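For reference, the structure discussed in these notes is given below.
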Amino acid sequence: MQRILVIDDEELVRLLVQEALESEGYEVSSAANGVEGLKQHARLPFDLIITDIVMPDKDGLETIMEIRQCSPDTPIIAMSGGGNWLAPGKCLDLSKKLGAYKALRKPVTPETLLQVVEEAFYAS
Amino acid sequence: MKNILVARDTADAQKQATELISAMGHNVCAVASTTTDTLNAARSLLPDLVLLEALLPGGLNGPQTCNILQNDLGIPVVLIEHDGQEKAVPSAPPASPYGVIVEPCPPKQLQATVDAVLNLVENHSPLPAMIRQQIPIGCQADLLASVMESGQFGFALADSDGRLFYINHTFSKITGYTLNDFDQMVSLVSTILPDLPPMLSALLPAETQLITAAGEVLEVEAQYTRLLNCTSMLVITDLSQLTTTRRALDKHQQNESLKRKIADIFLTNDDKDVYEQVSVLLQEAYNAEFACFGYVNTSGELVVPPPPPHTPTSSNTHPRLVTPEDWGSPWGQCMLDQKIQFIDTPSNLPCGHPPVQNAVAIPIIQRGASIGQILIANRPEGFSAEVIDSLRHITDYLAPVLAARQERERLRQRRNNIEFALMESEAMYRRIVETSLEGIWTIDSDGLTTYVNNNLANMLGYEPIDMIGSHIFEFMDANAVALYERRLEKARQGFSAQFDFRYKHVNGQGIWTICSISPLTDRNGNYQGTLIMTSDITHRKFAEKSLLESEERFRQLVENLSEAFFIRDIKTGAGLYASPSYEYIWGLNIEEFYTNEEDFLKAVHPDDIGFVAERYHAFRNNPVSFSMDHRIVKKGQVRWIRTRIAPIHVKGKVERLAGISEDITESKNATRERDRLARAIEHVSEIVIITDHLGTVQYVNPAFERLSGISRSSISGASITALEAAATPSQTIQDMLATVHQGKLWTGHYRYSQIKGRQLTINATVTPIHDTSGKISNYVSVQRDITEEQQLETQLNQSRKMEALGTLAGGIAHDFNNILMAIIGFNELAIKQAEQDSRQRSHLERVAQAGARARDLVQQILTFSRRNEFELRTLDIIPLINESIKLLGATLPANISIVQDFQCDKAQVMADSGQIQQIIMNLCTNGAQALPHQGGSIRITIDRIELSQQVTAAHPSLKPGPYIEIGVGDTGIGMSPEVQQKIFDPFFTTKLPGEGTGMGLSVVHGTVRQLGGDIFVRSSEGVGTLITIYLPQADNSQRPNAVRTSSRPGKGEHILFIDDEEAISSLVENGLAELGYQVTSFTSPLEAVKAFEKSPEAFDAVISDIAMPQMDGGELARSLIRIRPEIPILLCTGNAESLGPNSDLLPKQRILVKPISIEDMSSAIREALDTEQSHMRKQ
């Protein structure tokens, strides 16, 4: 069973992603910020990581960079609803430059997400 | 006077002989007691005679000594033998002294013998040794014999045994005896001279009676003398043979007698009687009827005694005074001529004058001056030569006597004068002492008062009599006695002293006096007492005390002045006094003031020395008060000094100068500050109006004139109400007046209508000015035209509001997206699980629709907040707008027409085509909705314009350059100003709920600003609205940008970024690149420094972390600054407190504290770069 980690400071988003993916047979773990997510990944690396960009403590961009350093091949999907200083598009664009497989603009529907996850696994 | 050597064995005998010889008028040249001494003295002194004791101790006996003295030295000797002595000295060789005295004998005999020997030696060929040696012995006897046989003297000589051996012829002739008649001298003498003493010893010549051989008694003079070798001689002279001589002698004796009588008269009578007595004496002595002895008195007058009482015609009993002018008579003439005057015949005599038969007048002349005369008149015998001689003898005698008398008279008169003067003087001094203003006090040696004058007694409140006998210490305080005693002791030692002293008044009060103490001594200088001169100086003391107090007050005043006060000699410039402030004000040493006449020039500023010295010297030549301001250099600082110099007059002459210097630096600065302020007020753009408390305009500045159009001269003196009329609203003006009249400050805005009609918004501050009593004296109003400023502010406020709303909306959008994701996502999962066609599924699909609308709304919000991204490219908006109009035409009602007014064929801007379409659609839709039911038109205009600097200055969002102007106007209902201010606010709408979101114009506004343009609205209610958009014109060379946002602060500046964390480096590099910067990042600071060294000008700014292992940020910054000092550097740290040594390295704004957002970093970089560029421009 493929293991997926979802990192998002918004609990509703974590629960949605978790439910949508688990219903499709994935093992899904969640983390509220980058620091927590990286810790979980360090303990037992995930097959795919979905992360929000704008988060407290350690944002998605930093998280992506660090995952890329320790797990260069793990596919990463970024999501963003934008923030005060960066438009969502900019965040996503940056995340792609940093190595994210795909960057999705919130709100992301479960269907879209499943589709992208599958694409990512397929691509990797 | 002869010199006689006395040689006797005893002191008594020597004394007796010395006295006797001295009594004779001779000099005892030496006294000897031995023969040896006698001979030595005789040899050295060669005396005229030696009185020699026969038995004198020594080597020789008396006769031997006598022989040596007489034969060898030729000195006559009187030998003193004692009765029976010769037998005691049998071995003595024979000696023949000139005289021999056998003691005891009367003193007169010794004197007579000495006299006789001296006479003999002097008058009778003493035959001194030399003569006797030259004349042969035989000739001596012959010579002696011839001498003795001639002459009138009878000689009889006897040998040492008394045997007569020679009688000369004259002796025989007188006596009638021959040598044969007598054998012994003794018998001869006793026979012919029975009156002589029986002992034949040396005799004085004596007159005696001689009995001749014929028994005749003759008056003779006899002298018996012992001669050499103890021979003896008797000499007799027949006095009868001497008649002529005797007569002369008688006359002489008469004269002498007369002189003695005259002397007696002078000695025994008063002066006033002397002349009369002498006159009487002369009258009798010369057997004359009249004699007159006159003398010249001290006044030069001849004093003539009254005629003797028995004179027949005498009637005058008083002396007569005859002045020299009246000395015409013979007796006066004799004095004038100094010759004897004879009157032989009677002449015409004045009436009453006694008759004169004959007379002689003889002047008394002393030292060539006639001092008197003797007149003898009516002498029956006449005046023989003998009488004249006698009279002359008398006048010669009288001359010194009279002269002495006159001298004595003169002395007496002088003494009388002196005594009189002394008496006068004493009286005067007494009066002085008694009336002296000074107190005079004498005390005896014990300190007891012997005299005080009235003044002194009054001074101390006593009567003089009360003080006499009292001790001086009773008149002073007990504690002053010791001091006084010391003063008195000095006086006892002969010193004088002066001092201030306080005596005690009888009433107990102190009397301050100045005392002069001096010793009183007798004629021999012995201390007798003390004189104390005393002056009451109590008033002076009080005055002195007052003066001292006054001086002290003035001294304190001067010395406490903050100004420097000084006095100089005007001639020499020498410093006489300087107050302590002198040092502080001038910064000079006060000692130099007293030693250097121009010390102050050392302090004067070099540029001012010339005129200061000139003014100072000019004053000394022409002392007229002046004041000068100049600079000094004090402790390296330049200070301003004001010095005022004035002349000081002493007794009408300018002797000194007085000066006061004060430091006016502050006042000078204040004045300059005031001047600056005055100039500033004249030049400021703000209006300044000053009125008095009644509102009369006293001052307006040029800005007033410029702004109001009213000339300064016309408003000055006018009432402020003239201006109030043009000000609105009136309520504001009333409020202002009410406030300031209460003494409060008023600040506010009002509108002012210029003369030309233009309305201005004025910001005014009106301040009441209070005088010292607290009353309002003036009003000052500072006013500023804020018309444009207010417009700008309105725009700025709007802009800020939009910015804030955008930020808010952006933040909300993020959260909304998360929420929407959950809603839409979970809804989607729920729909999957719901049954087809069920109500549940229908409801869930409604939720999905609402979610989609919400997602669109969020997109609009993001557009408004310019956080949406578009594909910007150069595009011509005209086709796009045409396309939109077509679309609109299909949706708008038919009564609404769209009018196109395109002034250009092509209008290129950098934009996304969707943005342009959205703008046109939104504006047109809004315009259509504003139109009334009956419809109207919407006018769309496009034009290419150039915005000048002047235009953009009022609209900071726009920059000068080419723009595309798009106008959308409608003829609708228009908007009120209040509505106009809010139309771009998100969610603001005038529509009914549900008809609009209120985001239409907000999205347009956000889009236009995102494209670098601006949007303006002009609307008038009931007329319509015109929205105008300005978009920067794009040229063909501009390539489309993939993603561009309006929040790109960077302009391609090259940033050097250093952080040892690669992830951070990478993140920031990407982030800053997105913001428009070119970034080169390093994880090694050393490499960064190398890169910077290589091309320092390639970088515009540096951002570095501080905590790095190889080189910390501070060190890195220093290295870079060394290479390029002006390079802006930003340092990032996790903890601002731990900056340590780098805290002073950079300004605070260049320190960024983590966590740092890219946005914060961006604005910090922008600020640093702008500051740097600003500096560069200034340089």
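Residue names in the structure tokens use chain letters A, B, ... in the order shown, residue numbers from 1 in each chain, and ligand numbers from 1 in the order shown.
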Inset, instruction - For region 47-49 of chain A, please output as a PyMOL selection string all residues within 7 Å (counting only C-alpha atoms; exclusion window: fewer than 6 positions along the same chain). - result: chain A and resi 2-6+74-77
Inset, instruction - Write out as a PyMOL selection string each polymer residue whose atoms come within 6 Å of Glu686 (chain B), counting only C-alpha atoms; drop sequence neighbours fewer than 2 positions from it. - result: chain B and resi 684+783-784
Atoms to include: C-alpha atoms. Write the selected residues as a CSV table (one decimal), in the first residue's frame.
chain,number,residue,atom,x,y,z
B,684,VAL,CA,7.5,81.4,3.9
B,783,GLN,CA,-2.5,80.2,7.6
B,784,ARG,CA,-1.7,77.8,4.8
Legend entry - For Lys58 (chain A), the nearest of the candidates A:Cys70, A:Ala32, A:Leu104, A:Phe46, counting only C-alpha atoms: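 When distances to Lys58 (chain A) are compared using only C-alpha atoms, the smallest one comes from A:Ala32.
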Legend entry - Pick from A:Val13, A:Leu21, A:Ile53, A:Thr63 nearest to Val116 (chain A), counting only C-alpha atoms: A:Leu21
Inset, instruction - Compare B:Ile755, B:Cys1132, B:Leu1116, B:Met821 by their minimum atom-to-atom distance to chain A, counting only C-alpha atoms, and give me the closest one. - result: B:Met821
Legend entry - Computed interatomic separation between CA of Arg679 (chain B) and CA of Asn701 (chain B) (Å): 10.0 Å
Legend entry - Every residue of region 708-926 of chain B that DSSP places in strand (DSSP E), as number ranges by chain: B: 727-728, 746-753, 759-770, 776-785, 873-876, 896-902, 908-911
Dump C-alpha atoms for the selected residues as a compact mmCIF listing (two decimals), in the first residue's frame?
# COMPACT_ATOMS: atom_id res chain seq x y z
CA ALA B 727 -14.19 83.42 4.82
CA THR B 728 -16.75 80.62 5.10
CA TRP B 746 -7.67 77.82 17.59
CA THR B 747 -6.75 75.51 14.77
CA GLY B 748 -9.03 74.62 11.92
CA HIS B 749 -9.93 74.89 8.26
CA TYR B 750 -12.05 77.40 6.49
CA ARG B 751 -12.71 78.30 2.96
CA TYR B 752 -11.63 81.56 1.50
CA SER B 753 -12.90 83.19 -1.65
CA GLN B 759 -12.21 78.96 -3.50
CA LEU B 760 -9.28 78.01 -1.33
CA THR B 761 -9.15 75.73 1.65
CA ILE B 762 -7.13 77.38 4.36
CA ASN B 763 -5.63 75.71 7.39
CA ALA B 764 -5.34 78.35 10.09
CA THR B 765 -3.88 78.53 13.55
CA VAL B 766 -4.80 81.60 15.56
CA THR B 767 -2.83 82.17 18.75
CA PRO B 768 -3.60 84.88 21.28
CA ILE B 769 -0.45 86.53 22.65
CA HIS B 770 -0.55 87.60 26.27
CA ILE B 776 -4.28 89.57 25.33
CA SER B 777 -2.11 92.03 23.45
CA ASN B 778 -1.99 90.47 20.01
CA TYR B 779 -3.26 87.69 17.84
CA VAL B 780 -0.99 85.78 15.54
CA SER B 781 -2.47 83.74 12.79
CA VAL B 782 -0.49 81.35 10.60
CA GLN B 783 -2.46 80.16 7.61
CA ARG B 784 -1.70 77.77 4.85
CA ASP B 785 -3.42 77.15 1.54
CA ARG B 873 1.36 41.19 -23.26
CA THR B 874 1.29 44.17 -25.58
CA LEU B 875 -2.08 44.36 -27.10
CA ASP B 876 -4.24 46.78 -28.97
CA ILE B 896 -29.71 52.08 -24.42
CA SER B 897 -27.24 53.07 -27.09
CA ILE B 898 -23.51 52.72 -27.03
CA VAL B 899 -21.59 55.53 -28.69
CA GLN B 900 -17.96 54.97 -29.73
CA ASP B 901 -15.59 57.90 -29.97
CA PHE B 902 -12.14 56.51 -30.70
CA GLN B 908 -1.50 49.49 -27.25
CA VAL B 909 -1.08 48.65 -23.57
CA MET B 910 0.59 45.86 -21.57
CA ALA B 911 -2.32 43.80 -20.32
Legend entry - Per-residue DSSP, chain A, filtered to alpha helix (DSSP H), as a VMD selection string: chain A and resid 11 to 22 34 to 43 60 to 70 88 to 98 110 to 123
Inset, instruction - May I ask which of the residues B:Ala822, B:His1005, B:Asp912, B:Gly936 is the closest one to Gln18 (chain A), counting only C-alpha atoms? - result: B:Ala822
Inset, instruction - Using only C-alpha atoms, pick whichever of B:Asp264, B:Glu1115, B:Glu965, B:Glu1021 has the shortest atom-to-atom distance to Gln980 (chain B). - result: B:Glu1021
Inset, instruction - Give the answer as one residue: which of B:Thr794, B:Met1111, B:Gly332, B:Val1068 has the shortest atom-to-atom distance to Glu62 (chain A), using only C-alpha atoms? - result: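 That would be B:Val1068, the residue with the smallest distance to Glu62 (chain A).
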